[in-house]
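Trainee: Have a peek at my_file.cif (mmCIF, C-alpha atoms).
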data_start
loop_
_atom_site.label_atom_id
_atom_site.label_comp_id
_atom_site.auth_asym_id
_atom_site.auth_seq_id
_atom_site.Cartn_x
_atom_site.Cartn_y
_atom_site.Cartn_z
CA MET A 17 23.43 -31.86 8.35
CA ALA A 18 24.28 -31.01 4.75
CA GLN A 19 26.86 -28.31 4.25
CA SER A 20 26.11 -25.54 1.76
CA SER A 21 28.27 -25.41 -1.30
CA PRO A 22 31.04 -22.78 -1.09
CA SER A 23 29.84 -21.33 -4.37
CA ASN A 24 26.37 -20.80 -2.90
CA HIS A 25 27.43 -19.58 0.56
CA PRO A 26 25.94 -16.14 1.41
CA LEU A 27 29.38 -14.82 2.37
CA ARG A 28 30.54 -15.41 -1.19
CA GLN A 29 28.35 -12.48 -2.26
CA LEU A 30 30.82 -10.19 -0.48
CA HIS A 31 33.42 -11.19 -3.05
CA THR A 32 31.28 -10.97 -6.18
CA HIS A 33 29.63 -8.23 -8.15
CA ASP A 34 26.17 -9.81 -7.95
CA LEU A 35 23.30 -7.40 -7.41
CA GLU A 36 21.35 -8.12 -4.23
CA LEU A 37 17.67 -9.07 -4.19
CA GLY A 38 15.12 -6.27 -4.30
CA ALA A 39 14.19 -3.72 -6.92
CA THR A 40 17.23 -4.93 -8.83
CA GLU A 41 15.09 -7.53 -10.62
CA ALA A 42 13.28 -4.69 -12.38
CA ILE A 43 16.51 -3.24 -13.76
CA GLN A 44 18.26 -6.51 -14.56
CA LYS A 45 17.38 -6.30 -18.25
CA HIS A 46 19.03 -2.87 -18.38
CA TYR A 47 22.12 -3.84 -16.45
CA SER A 48 24.97 -6.21 -17.18
CA ARG A 49 25.52 -7.56 -13.65
CA HIS A 50 23.86 -10.73 -12.41
CA VAL A 51 21.18 -10.79 -9.70
CA VAL A 52 21.66 -13.48 -7.06
CA GLU A 53 19.08 -16.24 -7.10
CA ALA A 54 16.15 -15.93 -4.71
CA ARG A 55 15.56 -18.72 -2.25
CA PRO A 56 12.91 -21.26 -3.31
CA VAL A 57 9.29 -20.49 -2.46
CA SER A 58 8.06 -22.84 0.25
CA GLN A 59 4.84 -24.82 -0.03
CA ARG A 60 3.76 -23.33 3.29
CA LYS A 61 3.97 -19.85 1.82
CA LEU A 62 2.05 -20.87 -1.27
CA ASP A 63 -0.68 -22.49 0.85
CA PHE A 64 -0.98 -19.39 3.02
CA GLU A 65 -1.23 -17.06 0.03
CA HIS A 66 -3.78 -19.35 -1.64
CA SER A 67 -5.92 -19.36 1.53
CA ARG A 68 -6.38 -15.56 1.48
CA PRO A 69 -9.74 -14.59 -0.08
CA ARG A 70 -9.31 -12.66 -3.29
CA TRP A 71 -11.87 -10.07 -2.22
CA LEU A 72 -9.84 -9.35 0.92
CA ARG A 73 -6.61 -8.87 -1.05
CA GLU A 74 -8.36 -6.53 -3.46
CA MET A 75 -9.97 -4.52 -0.65
CA MET A 76 -6.68 -4.16 1.21
CA ALA A 77 -4.91 -3.12 -1.98
CA GLU A 78 -7.52 -0.41 -2.70
CA ALA A 79 -7.49 0.82 0.90
CA THR A 80 -3.69 0.86 1.00
CA GLY A 81 -3.47 2.62 -2.36
CA VAL A 82 -5.89 5.36 -1.34
CA PHE A 83 -3.99 5.74 1.93
CA PHE A 84 -0.71 6.14 0.02
CA TYR A 85 -2.34 8.71 -2.26
CA VAL A 86 -4.22 10.73 0.37
CA PHE A 87 -1.81 10.82 3.30
CA PRO A 88 1.13 12.62 1.61
CA GLY A 89 -1.32 15.15 0.15
CA ILE A 90 -3.15 16.05 3.34
CA ALA A 91 0.13 16.05 5.29
CA ALA A 92 1.47 18.63 2.83
CA VAL A 93 -1.75 20.64 3.17
CA THR A 94 -1.36 20.53 6.96
CA THR A 95 2.22 21.77 6.83
CA PHE A 96 1.20 24.53 4.44
CA THR A 97 -1.76 25.58 6.62
CA LEU A 98 0.13 25.57 9.92
CA ASN A 99 3.12 27.50 8.54
CA LYS A 100 1.51 30.17 6.38
CA GLU A 101 4.10 32.73 7.41
CA ASP A 102 7.07 30.54 6.49
CA ALA A 103 7.07 29.42 2.85
CA GLY A 104 9.97 27.08 3.60
CA PHE A 105 7.55 24.69 5.29
CA GLY A 106 5.07 24.38 2.45
CA SER A 107 3.48 25.79 -0.67
CA LEU A 108 0.90 24.86 -3.30
CA LEU A 109 3.79 23.48 -5.35
CA GLN A 110 4.63 21.10 -2.52
CA VAL A 111 0.98 20.09 -2.08
CA GLY A 112 0.64 19.33 -5.79
CA PHE A 113 3.76 17.19 -5.86
CA ALA A 114 2.70 15.39 -2.65
CA PHE A 115 -0.57 14.23 -4.20
CA ALA A 116 1.12 13.39 -7.53
CA PHE A 117 3.84 11.27 -5.92
CA GLY A 118 1.25 9.72 -3.62
CA ILE A 119 -0.73 8.54 -6.64
CA ALA A 120 2.44 7.18 -8.22
CA PHE A 121 3.31 5.28 -5.01
CA ALA A 122 -0.24 3.89 -4.85
CA ILE A 123 -0.05 2.61 -8.42
CA ILE A 124 3.39 1.08 -7.92
CA THR A 125 2.40 -0.62 -4.66
CA CYS A 126 -1.16 -1.81 -5.18
CA ALA A 127 -2.26 -1.68 -8.82
CA SER A 128 -1.03 -5.21 -9.58
CA THR A 129 -3.39 -6.63 -6.93
CA SER A 130 -6.63 -4.69 -7.36
CA GLY A 131 -6.24 -2.91 -10.69
CA GLY A 132 -5.48 0.41 -9.02
CA HIS A 133 -8.82 2.20 -9.13
CA PHE A 134 -8.38 4.34 -5.96
CA ASN A 135 -11.49 6.33 -6.82
CA PRO A 136 -15.16 5.23 -6.61
CA ALA A 137 -15.93 7.06 -9.85
CA ILE A 138 -13.23 5.09 -11.69
CA THR A 139 -14.58 1.83 -10.26
CA ILE A 140 -18.09 2.69 -11.47
CA CYS A 141 -16.72 3.64 -14.90
CA PHE A 142 -14.89 0.31 -15.17
CA ALA A 143 -18.16 -1.46 -14.37
CA THR A 144 -20.04 0.70 -16.90
CA TRP A 145 -17.63 0.57 -19.85
CA GLN A 146 -15.17 -2.29 -19.33
CA GLY A 147 -17.12 -5.16 -17.75
CA PHE A 148 -15.79 -4.85 -14.20
CA PRO A 149 -18.16 -6.96 -12.02
CA TRP A 150 -20.86 -4.81 -10.44
CA LYS A 151 -20.88 -7.10 -7.39
CA LYS A 152 -17.35 -5.89 -6.59
CA VAL A 153 -18.22 -2.18 -6.81
CA PRO A 154 -19.63 -1.78 -3.25
CA TYR A 155 -16.66 -3.36 -1.47
CA TYR A 156 -14.15 -1.52 -3.68
CA ILE A 157 -15.81 1.79 -2.77
CA PHE A 158 -15.94 0.86 0.93
CA ALA A 159 -12.22 0.01 0.88
CA GLN A 160 -11.37 3.28 -0.88
CA VAL A 161 -13.29 5.38 1.64
CA PHE A 162 -11.75 3.37 4.48
CA GLY A 163 -8.24 4.06 3.17
CA ALA A 164 -8.87 7.81 3.14
CA PHE A 165 -10.45 7.58 6.61
CA MET A 166 -7.34 5.88 8.01
CA ALA A 167 -5.12 8.50 6.37
CA GLY A 168 -7.14 11.23 8.07
CA LEU A 169 -6.97 9.49 11.45
CA LEU A 170 -3.20 9.05 11.23
CA LEU A 171 -2.77 12.68 10.24
CA MET A 172 -4.80 13.84 13.27
CA GLY A 173 -2.68 11.63 15.51
CA MET A 174 0.60 12.99 14.15
CA TYR A 175 -0.40 16.67 14.07
CA TRP A 176 -2.82 16.73 17.03
CA GLU A 177 -0.74 19.09 19.20
CA GLN A 178 -0.14 21.61 16.42
CA LEU A 179 -3.72 21.47 15.17
CA SER A 180 -5.07 21.90 18.71
CA VAL A 181 -3.02 25.07 19.19
CA TYR A 182 -4.18 26.34 15.79
CA ALA A 183 -7.81 25.53 16.63
CA GLU A 184 -7.58 27.49 19.89
CA ALA A 185 -6.23 30.45 17.96
CA THR A 186 -9.00 30.39 15.34
CA ARG A 187 -11.68 30.01 18.00
CA ALA A 188 -10.22 32.94 19.93
CA ALA A 189 -10.35 35.00 16.75
CA GLY A 190 -14.04 34.13 16.36
CA ASP A 191 -13.57 32.11 13.17
CA GLY A 192 -14.36 28.65 14.56
CA VAL A 193 -12.57 25.59 13.20
CA VAL A 194 -14.54 24.73 10.04
CA PHE A 195 -13.74 27.15 7.23
CA ASN A 196 -11.45 27.46 4.23
CA GLY A 197 -7.96 27.60 5.75
CA GLY A 198 -9.14 26.45 9.18
CA PRO A 199 -8.04 23.39 11.17
CA ALA A 200 -10.69 21.14 9.59
CA SER A 201 -9.65 22.16 6.08
CA VAL A 202 -6.41 20.19 6.33
CA LEU A 203 -8.57 17.08 5.95
CA CYS A 204 -11.11 18.09 3.29
CA ALA A 205 -12.14 21.06 1.18
CA PHE A 206 -14.37 23.92 2.33
CA PRO A 207 -15.45 26.84 0.14
CA SER A 208 -14.86 30.50 0.79
CA ALA A 209 -17.79 32.54 2.04
CA ASN A 210 -18.21 34.39 -1.26
CA GLN A 211 -18.38 31.28 -3.52
CA SER A 212 -21.77 30.22 -4.87
CA LEU A 213 -22.80 26.56 -5.09
CA GLY A 214 -23.44 26.82 -8.83
CA TYR A 215 -19.93 28.16 -9.39
CA LEU A 216 -18.44 25.41 -7.22
CA PHE A 217 -20.44 22.74 -9.07
CA LEU A 218 -19.15 23.88 -12.48
CA ILE A 219 -15.55 24.04 -11.27
CA GLU A 220 -15.77 20.58 -9.70
CA PHE A 221 -17.43 19.08 -12.79
CA PHE A 222 -14.79 20.51 -15.13
CA VAL A 223 -11.81 19.50 -12.98
CA ASP A 224 -13.15 15.97 -12.41
CA SER A 225 -13.88 15.56 -16.13
CA TYR A 226 -10.39 16.77 -17.02
CA ILE A 227 -8.78 14.33 -14.60
CA GLY A 228 -11.17 11.55 -15.63
CA ILE A 229 -10.32 11.64 -19.32
CA VAL A 230 -6.58 11.69 -18.62
CA ILE A 231 -6.90 8.74 -16.22
CA TRP A 232 -9.03 6.81 -18.71
CA SER A 233 -6.58 7.40 -21.55
CA ALA A 234 -3.64 6.41 -19.33
CA LEU A 235 -5.48 3.18 -18.42
CA ASP A 236 -6.09 2.36 -22.09
CA PRO A 237 -3.82 -0.63 -22.91
CA ALA A 238 -3.22 0.88 -26.34
CA ASN A 239 -1.73 3.99 -24.73
CA PRO A 240 1.92 3.74 -23.54
CA PHE A 241 1.78 6.90 -21.41
CA ILE A 242 0.88 7.26 -17.72
CA SER A 243 0.51 10.63 -16.00
CA PRO A 244 0.11 10.81 -12.20
CA GLN A 245 0.97 14.52 -12.47
CA THR A 246 -2.57 15.36 -13.66
CA TYR A 247 -3.83 15.76 -10.13
CA ALA A 248 -0.94 18.10 -9.31
CA CYS A 249 -1.81 20.28 -12.32
CA MET A 250 -5.40 20.60 -11.11
CA ILE A 251 -4.22 21.58 -7.63
CA TRP A 252 -1.90 24.24 -9.01
CA GLY A 253 -4.62 25.59 -11.29
CA PHE A 254 -7.72 25.43 -9.07
CA ALA A 255 -6.67 25.20 -5.41
CA ASP A 256 -7.84 28.75 -4.73
CA VAL A 257 -11.38 28.03 -5.99
CA THR A 258 -12.02 24.82 -3.98
CA ILE A 259 -11.92 21.32 -5.51
CA SER A 260 -12.34 17.78 -4.19
CA THR A 261 -11.81 15.46 -7.21
CA ASN A 262 -12.37 12.12 -5.45
CA LEU A 263 -15.38 10.83 -3.49
CA ALA A 264 -13.28 8.49 -1.35
CA ARG A 265 -10.59 11.06 -0.64
CA ASP A 266 -13.19 13.63 0.44
CA LEU A 267 -15.73 11.44 2.26
CA GLY A 268 -13.17 9.43 4.23
CA THR A 269 -11.34 12.49 5.52
CA ARG A 270 -14.58 14.48 5.98
CA ILE A 271 -15.82 11.79 8.38
CA VAL A 272 -12.60 12.28 10.36
CA ALA A 273 -13.18 16.05 10.31
CA ALA A 274 -16.71 15.51 11.65
CA ILE A 275 -15.36 13.31 14.46
CA PHE A 276 -12.85 15.91 15.64
CA TYR A 277 -14.52 19.18 14.64
CA GLY A 278 -18.25 18.41 14.60
CA GLY A 279 -21.05 17.92 12.08
CA GLU A 280 -20.39 21.32 10.49
CA ALA A 281 -17.80 19.46 8.40
CA PHE A 282 -20.77 18.18 6.38
CA SER A 283 -23.17 21.12 6.71
CA TYR A 284 -20.80 24.06 6.10
CA HIS A 285 -22.37 26.18 3.30
CA ASN A 286 -24.17 23.02 2.06
CA TYR A 287 -21.04 22.25 0.05
CA SER A 288 -20.24 18.64 0.99
CA TRP A 289 -22.64 17.07 -1.54
CA ILE A 290 -20.71 18.75 -4.35
CA ALA A 291 -17.37 17.51 -3.04
CA ILE A 292 -18.67 13.97 -2.53
CA LEU A 293 -21.07 13.32 -5.43
CA VAL A 294 -20.13 15.45 -8.47
CA ASN A 295 -17.05 13.34 -9.11
CA ILE A 296 -19.16 10.38 -10.31
CA PRO A 297 -21.25 12.01 -13.10
CA ALA A 298 -18.27 14.12 -14.19
CA THR A 299 -16.03 11.07 -14.54
CA LEU A 300 -18.77 9.10 -16.31
CA PHE A 301 -19.09 11.99 -18.76
CA ALA A 302 -15.32 12.11 -19.36
CA THR A 303 -14.89 8.36 -19.81
CA GLY A 304 -17.98 8.20 -22.02
CA TYR A 305 -16.45 10.92 -24.19
CA TYR A 306 -13.28 8.83 -24.51
CA GLU A 307 -15.12 5.56 -25.14
CA LEU A 308 -17.45 6.97 -27.80
CA LEU A 309 -15.06 9.29 -29.63
CA MET A 310 -11.46 8.20 -29.01
CA ARG A 311 -11.23 4.51 -28.08
CA ASP A 312 -9.48 2.27 -30.65
CA SER A 313 -10.47 -1.29 -29.72
CA LEU A 314 -8.84 -2.80 -32.82
CA GLN A 315 -5.46 -1.48 -31.68
CA LYS A 316 -6.20 -2.91 -28.23
CA ILE A 317 -6.84 -6.33 -29.81
CA GLY A 318 -3.75 -6.01 -31.99
CA ARG A 319 -1.54 -5.48 -28.93
CA GLY A 320 -2.93 -8.61 -27.29
CA HIS A 321 -4.86 -6.83 -24.52
CA ALA A 322 -8.29 -7.99 -25.71
CA VAL A 323 -9.98 -10.45 -28.06
CA HIS A 324 -12.94 -10.23 -30.39
CA GLU A 325 -16.14 -11.49 -28.80
CA ARG A 326 -16.42 -14.10 -31.61
CA GLY A 327 -12.77 -15.08 -31.51
CA GLU A 328 -10.42 -15.19 -34.49
CA GLU A 329 -13.28 -15.83 -36.91
CA GLY A 330 -15.06 -12.65 -35.82
CA LEU A 331 -11.86 -10.61 -36.08
CA THR A 332 -11.17 -11.97 -39.57
CA LEU A 333 -14.69 -11.09 -40.72
CA HIS A 334 -14.29 -7.56 -39.33
CA LEU A 335 -10.94 -7.04 -41.08
CA THR A 336 -12.36 -8.38 -44.35
CA LYS A 337 -15.35 -6.07 -44.14
CA THR A 338 -13.14 -3.11 -43.28
CA ARG A 339 -10.84 -3.85 -46.22
CA GLN A 340 -13.81 -4.07 -48.58
CA ASP A 341 -15.15 -0.75 -47.29
CA ILE A 342 -11.76 0.87 -47.91
CA GLU A 343 -11.54 -0.58 -51.41
CA ARG A 344 -15.07 0.60 -52.27
CA GLY A 345 -14.22 4.06 -50.96
CA ALA A 346 -11.03 4.17 -53.05
CA THR A 347 -12.89 2.99 -56.17
CA ALA A 348 -15.58 5.62 -55.70
CA ALA A 349 -12.93 8.32 -55.31
CA ILE A 350 -11.14 7.24 -58.49
CA GLU A 351 -14.39 7.18 -60.45
CA LYS A 352 -15.31 10.63 -59.15
CA ASN A 353 -11.92 12.04 -60.11
CA GLY A 354 -12.18 10.41 -63.54
CA THR A 355 -15.61 11.97 -64.15
CA ASN A 356 -14.33 15.38 -63.10
CA GLY A 357 -11.45 14.99 -65.55
CA TYR A 358 -13.86 14.93 -68.52
#
Hey, can you dump this file as structure tokens for me?
Mentor:
Amino acid sequence: MAQSSPSNHPLRQLHTHDLELGATEAIQKHYSRHVVEARPVSQRKLDFEHSRPRWLREMMAEATGVFFYVFPGIAAVTTFTLNKEDAGFGSLLQVGFAFAFGIAFAIITCASTSGGHFNPAITICFATWQGFPWKKVPYYIFAQVFGAFMAGLLLMGMYWEQLSVYAEATRAAGDGVVFNGGPASVLCAFPSANQSLGYLFLIEFFVDSYIGIVIWSALDPANPFISPQTYACMIWGFADVTISTNLARDLGTRIVAAIFYGGEAFSYHNYSWIAILVNIPATLFATGYYELLMRDSLQKIGRGHAVHERGEEGLTLHLTKTRQDIERGATAAIEKNGTNGY
């Protein structure tokens, strides 16, 4: 049996300053120390990874991403709801940060596999504006809803004892379990008794449009900025007027609420259709606004993130035409100024 070289022996790492394998690869370019070499990738591993259907990998990535985004948020909501008298256990600030960090974790973990949609409205917008295959839309949306559903199930399993005690207390008080601030509200949003559906629709449409345009600009390859904190800002600004913001996040957890607390989770004040459906037209409006008024496709091409539909020849013709238009505009301006001078 061949002996390993002393220079390559794992114990030698104890006597060097090599960085160990892990996230260190990401910081290697910013750090002077050397990262130890990873072991070779086996053919068996490559064959296994190649055998996995792409659609399955994408579905699991979307489901996992939505889970990572939803679970911290609803867990923070649960802590806040169960400990209203003790601010040390939760606040709207904590809830906002929980959703924001959850979105960041989802992007870091899963975006490289599926594109990181995590929202049915964003998937539909990609299909509408960016050429995402429509045949993938149904299974992306199913995976997103499933991820939120699993987050809701896990939450109920972890907090079942506390939520059961809280539900007994609200029932004894005559409030039931499905209302704003009740046991079911840790999973999905419910309006207050004095809120009208028209008011709730306008709030939801505005908030979803606001989030949609920020998401779409952050996803623009020509834009170097990414902002997962947008969702947190909407929570801090509109939590007291009831918002949903994501079809998958609401529908998946609302199904869990219906399982544990009854069909009133969908029928309460006829609100659920707003929470589930308004997100799609609002996000289409926001992304359409960005596409029609703010998108710079030439900059996108210039940074190597896209190509002209007619290749280099088409791009050259466009640049030539643009240059001629600029020159004609400059000539017209000079002539106009010259005429005014006389």
Trainee: Could you give me, as a ChimeraX atom specification, the residues within 9 Å of Ser233 of chain A, counting all atoms listed in the file and dropping anything in the same chain fewer than 3 positions from it?
Mentor: /A:228-230,236-239,241-242,303,306,310-311
Trainee: List every residue of segment 145-199 of chain A that has an atom at most 12 Å from any atom of segment 278-301 of chain A, giving for each one its closest atom pair and the distance in Å to one decimal, counting only C-alpha atoms, sorted by chain and then by ascending residue number, as a tab-separated table.
Mentor:
residue	atom	partner	partner_atom	distance
A:Trp145	CA	A:Leu300	CA	9.3
A:Ile157	CA	A:Ile296	CA	11.9
A:Val161	CA	A:Ile292	CA	11.0
A:Gly192	CA	A:Glu280	CA	10.3
A:Val193	CA	A:Gly278	CA	9.3
A:Val194	CA	A:Ala281	CA	6.4
A:Phe195	CA	A:Tyr284	CA	7.8
A:Asn196	CA	A:Tyr284	CA	10.1
A:Gly198	CA	A:Ala281	CA	11.2
A:Pro199	CA	A:Ala281	CA	10.9
Trainee: Write out the residues from the selection above, keeping C-alpha atoms, as a PDB file, in the coordinates of the input.
Mentor:
ATOM      1  CA  TRP A 145     -17.630   0.570 -19.850  1.00  0.00           C
ATOM      2  CA  ILE A 157     -15.810   1.790  -2.770  1.00  0.00           C
ATOM      3  CA  VAL A 161     -13.290   5.380   1.640  1.00  0.00           C
ATOM      4  CA  GLY A 192     -14.360  28.650  14.560  1.00  0.00           C
ATOM      5  CA  VAL A 193     -12.570  25.590  13.200  1.00  0.00           C
ATOM      6  CA  VAL A 194     -14.540  24.730  10.040  1.00  0.00           C
ATOM      7  CA  PHE A 195     -13.740  27.150   7.230  1.00  0.00           C
ATOM      8  CA  ASN A 196     -11.450  27.460   4.230  1.00  0.00           C
ATOM      9  CA  GLY A 198      -9.140  26.450   9.180  1.00  0.00           C
ATOM     10  CA  PRO A 199      -8.040  23.390  11.170  1.00  0.00           C
TER      11      PRO A 199
END
Trainee: Pick out the residues sitting within 9 Å of Leu169 of chain A, and hand them over as a ChimeraX atom specification; count all atoms listed in the file, and ignore anything fewer than 4 positions along from it in its own chain.
Mentor: /A:164-165,173-174,269,272
Trainee: For the atom pair atom CA of Gly131 of chain A and atom CA of Ala205 of chain A, what is the interatomic distance in Å to one decimal place?
Mentor: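 Computing the Euclidean distance for atom CA of Gly131 of chain A and atom CA of Ala205 of chain A yields 27.4 Å.
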Trainee: When you count only C-alpha atoms, which of these residues is closest to Phe115 of chain A: A:Arg265, A:Lys316, A:Arg70, A:Arg339?
Mentor: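 Closest to Phe115 of chain A of all the choices is A:Arg265.
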Trainee: Taking 6 positions as the minimum chain separation for residues in the same chain, which residues sit within 7 Å of segment 77-88 of chain A when counting only C-alpha atoms? Answer as a ChimeraX atom specification.
Mentor: /A:114-115,118-119,121-123,126,129-130,132,134,156,159-160,162-164,166-167,265
Trainee: Grab the atom CA of Leu218 of chain A to atom CA of Ile259 of chain A distance for me, in Å with one decimal place.
Mentor: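 Taking atom CA of Leu218 of chain A and atom CA of Ile259 of chain A, their separation equals 10.4 Å.
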Trainee: My list of candidates is A:Thr338, A:Asn262, A:Ser201, A:Gln146. Which is closest to Thr94 of chain A when distances are computed with only C-alpha atoms?
Mentor: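 Among the listed residues, A:Ser201 lies closest to Thr94 of chain A.
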Trainee: On this structure, which residues satisfy the PyMOL selection byres ((chain A and resi 106) around 9), written as a list in words?
Mentor: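 So the PyMOL selection byres ((chain A and resi 106) around 9), applied here, picks out Ala92, Val93, Thr94, Thr95, Phe96, Thr97, Asn99, Lys100, Asp102, Ala103, Gly104, Phe105, Ser107, Leu108, Leu109, Gln110 and Val111 of chain A.
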Trainee: Produce a file of the selected residues containing C-alpha atoms, as an mmCIF file, in the coordinates of the input.
Mentor:
data_model
loop_
_atom_site.group_PDB
_atom_site.id
_atom_site.type_symbol
_atom_site.label_atom_id
_atom_site.label_comp_id
_atom_site.auth_asym_id
_atom_site.auth_seq_id
_atom_site.Cartn_x
_atom_site.Cartn_y
_atom_site.Cartn_z
ATOM 1 C CA ALA A 92 1.470 18.630 2.830
ATOM 2 C CA VAL A 93 -1.750 20.640 3.170
ATOM 3 C CA THR A 94 -1.360 20.530 6.960
ATOM 4 C CA THR A 95 2.220 21.770 6.830
ATOM 5 C CA PHE A 96 1.200 24.530 4.440
ATOM 6 C CA THR A 97 -1.760 25.580 6.620
ATOM 7 C CA ASN A 99 3.120 27.500 8.540
ATOM 8 C CA LYS A 100 1.510 30.170 6.380
ATOM 9 C CA ASP A 102 7.070 30.540 6.490
ATOM 10 C CA ALA A 103 7.070 29.420 2.850
ATOM 11 C CA GLY A 104 9.970 27.080 3.600
ATOM 12 C CA PHE A 105 7.550 24.690 5.290
ATOM 13 C CA SER A 107 3.480 25.790 -0.670
ATOM 14 C CA LEU A 108 0.900 24.860 -3.300
ATOM 15 C CA LEU A 109 3.790 23.480 -5.350
ATOM 16 C CA GLN A 110 4.630 21.100 -2.520
ATOM 17 C CA VAL A 111 0.980 20.090 -2.080
#
Trainee: When you draw a straight line from atom CA of Phe142 of chain A to atom CA of Trp232 of chain A, how long is it in Å?
Mentor: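 Between atom CA of Phe142 of chain A and atom CA of Trp232 of chain A the gap is 9.4 Å.
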Trainee: Using all atoms listed in the file, determine which residues lie at most 10 Å from segment 324-331 of chain A, disregarding the query and same-chain residues fewer than 4 positions distant; provide the list as a ChimeraX atom specification.
Mentor: /A:313-314,317,335-337
Trainee: Take the residues that were just selected and, keeping C-alpha atoms, output them as a PDB file, in the coordinates of the input.
Mentor:
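Printed below is out.pdb as written:
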ATOM      1  CA  SER A 313     -10.470  -1.290 -29.720  1.00  0.00           C
ATOM      2  CA  LEU A 314      -8.840  -2.800 -32.820  1.00  0.00           C
ATOM      3  CA  ILE A 317      -6.840  -6.330 -29.810  1.00  0.00           C
ATOM      4  CA  LEU A 335     -10.940  -7.040 -41.080  1.00  0.00           C
ATOM      5  CA  THR A 336     -12.360  -8.380 -44.350  1.00  0.00           C
ATOM      6  CA  LYS A 337     -15.350  -6.070 -44.140  1.00  0.00           C
TER       7      LYS A 337
END
